[in-house]
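Structure record follows, encoded as structure tokens.
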Amino acid sequence: MKNIALVLSGGGARGIAHIGVIEELEKLGYTIHSITGTSMGALVGGVYAAGNLKGFKQWLLNLDKVEIFKLIDFTLINKGFVKGDRVFNELKEFIPDINIEDLKISFSAIATDITNKQEMVFTEGNLLHAIRASISIPSIFTPVLNGNAILVDGGIINNIPINHAKRIANDILIAVNVNANIPPAKIITSTKENTEKHIMHQSLLQSFNQKLHKLLPSEKKNSLGYFDIMNSSFEMMRDQLVKLNLEINPPDILIETSRSICSIYDFYKAHELIEKGHQATAIRLKNYENSTPTLTKNE
């Protein structure tokens, strides 16, 4: 039996690759006994732990790209631009009203408590509430109130929460980083339909940015946009923390997909991202098994 303690990073749309990782692990005969996730990793991991990954995958693959923007509910309050109510109403179809401790797979979701300046690790309580807190990207999604705590995205301080993975004897610790600074694998050629949808997506994204510019101070014509500056700054900080965390808590296997595949908002690339997860996992596990002959002998 090849038991896996799986740790899934955040990364916005890049985290859709986690679906391919999980599917490939199952295909190769691995059993996931625990999942620890941050942000998009918490979402994919939580949906899997609830037994609804297949339906969630199909929803992502079939989601019309224009509909993505219809799920965005703007708010003018200063805690975040998007309330997230619409998208989470959709996600309720895949995230049941269940407590984490009642899941068949051990699950933990990481959020950041900015009131008390510490991590918050959800290992019990309502699953949807935990996931909602874990993916609350500051200045994008409105934060989650939890008693006296204000909770935002767990990736702020722990984007690969290896230190919170639940282990059992003789298991294999696998961490997945979907933000790796590595060259991307060969890009899957888009169909004419996907190309047209991509153009529509970019047009809507431009409209989205124009709305934000009305809410924010004006910028010079050639300066970086608000999201460009915020994302670049956040990614630099996150990368350094991830590097340190991996040095302190090295996993048995590290699976990586390139950050260059897409931006954190490119949810229209679900098919490509899932395939990248499959490819990266197959290659990394093959190398691991070839270098660990006792693994196959003792299954």
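Letters for chains follow the order of the structure tokens (A, B, ...), residue numbers begin at 1 for each chain, and ligand numbers begin at 1 in the order shown.
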
Compile the contact shell of Val176 of chain A as a list in words: residues with an atom at most 6 Å away, counting only C-alpha atoms, same-chain residues fewer than 5 positions apart removed. Leu8, Leu254, Ile255 and Glu256 of chain A

Could you turn the residues from that selection into a file that holds N, CA, C and O atoms, as a tab-separated table (two decimals), in the first residue's frame?
chain	number	residue	atom	x	y	z
A	8	LEU	N	-1.07	20.62	-0.86
A	8	LEU	CA	-1.39	21.35	-2.08
A	8	LEU	C	-1.25	22.85	-1.87
A	8	LEU	O	-1.86	23.42	-0.97
A	254	LEU	N	8.53	16.29	-4.42
A	254	LEU	CA	8.02	17.62	-4.75
A	254	LEU	C	7.60	17.63	-6.21
A	254	LEU	O	8.42	17.38	-7.10
A	255	ILE	N	6.33	17.88	-6.44
A	255	ILE	CA	5.79	17.97	-7.80
A	255	ILE	C	5.58	19.45	-8.10
A	255	ILE	O	4.95	20.17	-7.32
A	256	GLU	N	6.10	19.90	-9.25
A	256	GLU	CA	6.02	21.31	-9.58
A	256	GLU	C	5.44	21.52	-10.98
A	256	GLU	O	5.74	20.76	-11.90

Quick one, how far is atom CA of Ile105 of chain A from atom CA of Asn245 of chain A? 24.4 Å

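The two atoms in question, atom CA of Val144 of chain A and atom CA of Ala130 of chain A, are spaced 9.3 Å apart.
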
Let me make sure I understand: among A:Ser258, A:Asn287, A:Asn179, A:Asn126, which one has the smallest atom-to-atom distance to Glu235 of chain A if we use only C-alpha atoms?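 Of all the options, A:Asn179 lies closest to Glu235 of chain A.
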
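Nearest to Gly45 of chain A of all the residues A:Ile32, A:Leu60, A:Ile248, A:Met237 is A:Ile32, counting only C-alpha atoms.
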
Any idea what's packed within 9 Å of Ala42 of chain A, counting only C-alpha atoms, ignoring anything in its chain fewer than 2 positions away? Could you give it as a tab-separated table (two decimals) with C-alpha atoms, in the first residue's frame?
chain	number	residue	atom	x	y	z
A	8	LEU	CA	-1.39	21.35	-2.08
A	9	SER	CA	-0.23	24.92	-2.60
A	10	GLY	CA	-2.26	27.97	-3.44
A	35	ILE	CA	-4.70	16.41	2.40
A	36	THR	CA	-3.43	19.74	3.65
A	37	GLY	CA	-4.13	22.73	1.45
A	38	THR	CA	-3.83	26.47	1.16
A	39	SER	CA	-6.14	28.64	-0.95
A	40	MET	CA	-6.87	26.87	-4.28
A	44	VAL	CA	-9.42	21.25	-4.70
A	45	GLY	CA	-8.35	19.16	-1.71
A	46	GLY	CA	-11.58	19.79	0.15
A	47	VAL	CA	-13.72	18.91	-2.85
A	107	PHE	CA	-8.25	17.31	5.73
A	108	SER	CA	-6.73	20.60	6.85
A	109	ALA	CA	-7.16	24.08	5.37
A	110	ILE	CA	-4.84	26.98	6.12
A	130	ALA	CA	-12.81	26.70	6.09
A	131	ILE	CA	-12.30	26.75	2.33
A	134	SER	CA	-8.45	29.88	2.99
A	135	ILE	CA	-9.02	31.43	-0.47

Which residue gives the smallest distance to Ala175 of chain A among A:Glu124, A:Asp252, A:Glu93, A:Glu119, with only C-alpha atoms counted? A:Asp252

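The smallest atom-to-atom distance between Arg167 of chain A and any of A:Ser106, A:Ala180, A:His278, A:Arg259, using only C-alpha atoms, is found for A:Ser106.
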
I'd like the contact shell of Thr115 of chain A - 12 Å cut-off, only C-alpha atoms, skipping same-chain residues fewer than 5 positions apart - returned as a PDB file with N, CA, C and O atoms, in the first residue's frame.
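As a result, part.pdb now contains:
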ATOM      1  N   MET A 120      -4.198  30.121  10.909  1.00  0.00           N
ATOM      2  CA  MET A 120      -5.335  29.397  11.466  1.00  0.00           C
ATOM      3  C   MET A 120      -5.478  28.119  10.666  1.00  0.00           C
ATOM      4  O   MET A 120      -5.613  28.154   9.444  1.00  0.00           O
ATOM      5  N   PRO A 143     -12.788  39.353   3.313  1.00  0.00           N
ATOM      6  CA  PRO A 143     -12.312  38.392   4.308  1.00  0.00           C
ATOM      7  C   PRO A 143     -13.459  37.705   5.026  1.00  0.00           C
ATOM      8  O   PRO A 143     -14.632  38.075   4.885  1.00  0.00           O
ATOM      9  N   VAL A 144     -13.108  36.688   5.813  1.00  0.00           N
ATOM     10  CA  VAL A 144     -14.091  35.906   6.564  1.00  0.00           C
ATOM     11  C   VAL A 144     -13.944  36.216   8.048  1.00  0.00           C
ATOM     12  O   VAL A 144     -12.820  36.220   8.576  1.00  0.00           O
ATOM     13  N   LEU A 145     -15.042  36.487   8.708  1.00  0.00           N
ATOM     14  CA  LEU A 145     -15.016  36.717  10.145  1.00  0.00           C
ATOM     15  C   LEU A 145     -15.189  35.388  10.867  1.00  0.00           C
ATOM     16  O   LEU A 145     -16.073  34.594  10.538  1.00  0.00           O
ATOM     17  N   ASN A 146     -14.321  35.148  11.845  1.00  0.00           N
ATOM     18  CA  ASN A 146     -14.367  33.904  12.608  1.00  0.00           C
ATOM     19  C   ASN A 146     -14.163  34.259  14.080  1.00  0.00           C
ATOM     20  O   ASN A 146     -13.038  34.319  14.565  1.00  0.00           O
ATOM     21  N   GLY A 147     -15.262  34.511  14.791  1.00  0.00           N
ATOM     22  CA  GLY A 147     -15.161  35.014  16.148  1.00  0.00           C
ATOM     23  C   GLY A 147     -14.555  36.408  16.114  1.00  0.00           C
ATOM     24  O   GLY A 147     -15.037  37.299  15.416  1.00  0.00           O
ATOM     25  N   ASN A 148     -13.446  36.599  16.842  1.00  0.00           N
ATOM     26  CA  ASN A 148     -12.768  37.905  16.832  1.00  0.00           C
ATOM     27  C   ASN A 148     -11.677  37.973  15.778  1.00  0.00           C
ATOM     28  O   ASN A 148     -10.925  38.946  15.710  1.00  0.00           O
ATOM     29  N   ALA A 149     -11.578  36.948  14.948  1.00  0.00           N
ATOM     30  CA  ALA A 149     -10.518  36.882  13.938  1.00  0.00           C
ATOM     31  C   ALA A 149     -11.033  37.307  12.567  1.00  0.00           C
ATOM     32  O   ALA A 149     -12.170  37.011  12.198  1.00  0.00           O
ATOM     33  N   ILE A 150     -10.171  38.000  11.820  1.00  0.00           N
ATOM     34  CA  ILE A 150     -10.430  38.327  10.421  1.00  0.00           C
ATOM     35  C   ILE A 150      -9.499  37.451   9.594  1.00  0.00           C
ATOM     36  O   ILE A 150      -8.274  37.547   9.704  1.00  0.00           O
ATOM     37  N   LEU A 151     -10.085  36.577   8.775  1.00  0.00           N
ATOM     38  CA  LEU A 151      -9.309  35.562   8.071  1.00  0.00           C
ATOM     39  C   LEU A 151      -9.180  35.882   6.583  1.00  0.00           C
ATOM     40  O   LEU A 151     -10.159  36.222   5.922  1.00  0.00           O
ATOM     41  N   VAL A 152      -7.954  35.729   6.077  1.00  0.00           N
ATOM     42  CA  VAL A 152      -7.674  35.905   4.652  1.00  0.00           C
ATOM     43  C   VAL A 152      -6.873  34.701   4.154  1.00  0.00           C
ATOM     44  O   VAL A 152      -6.601  33.753   4.901  1.00  0.00           O
TER      45      VAL A 152
END

Residue neighbourhood segment 25-29 of chain A, 8 Å, only C-alpha atoms, exclusion window fewer than 3 positions, as a list in words: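 That gives Lys2, Val21, Ile22 and Thr281 of chain A.
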
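In this comparison, which uses only C-alpha atoms, the residue of A:Gly11, A:Gln240, A:Ile98, A:Trp59 approaching Gly154 of chain A most closely is A:Gly11.
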
If DSSP is run on the backbone, what residues of segment 17-150 of chain A are helix (DSSP H, G or I)? A reply as an MDAnalysis selection string would be ideal. chainID A and resid 17:27 40:49 53:62 65:70 85:91 100:102 127:134
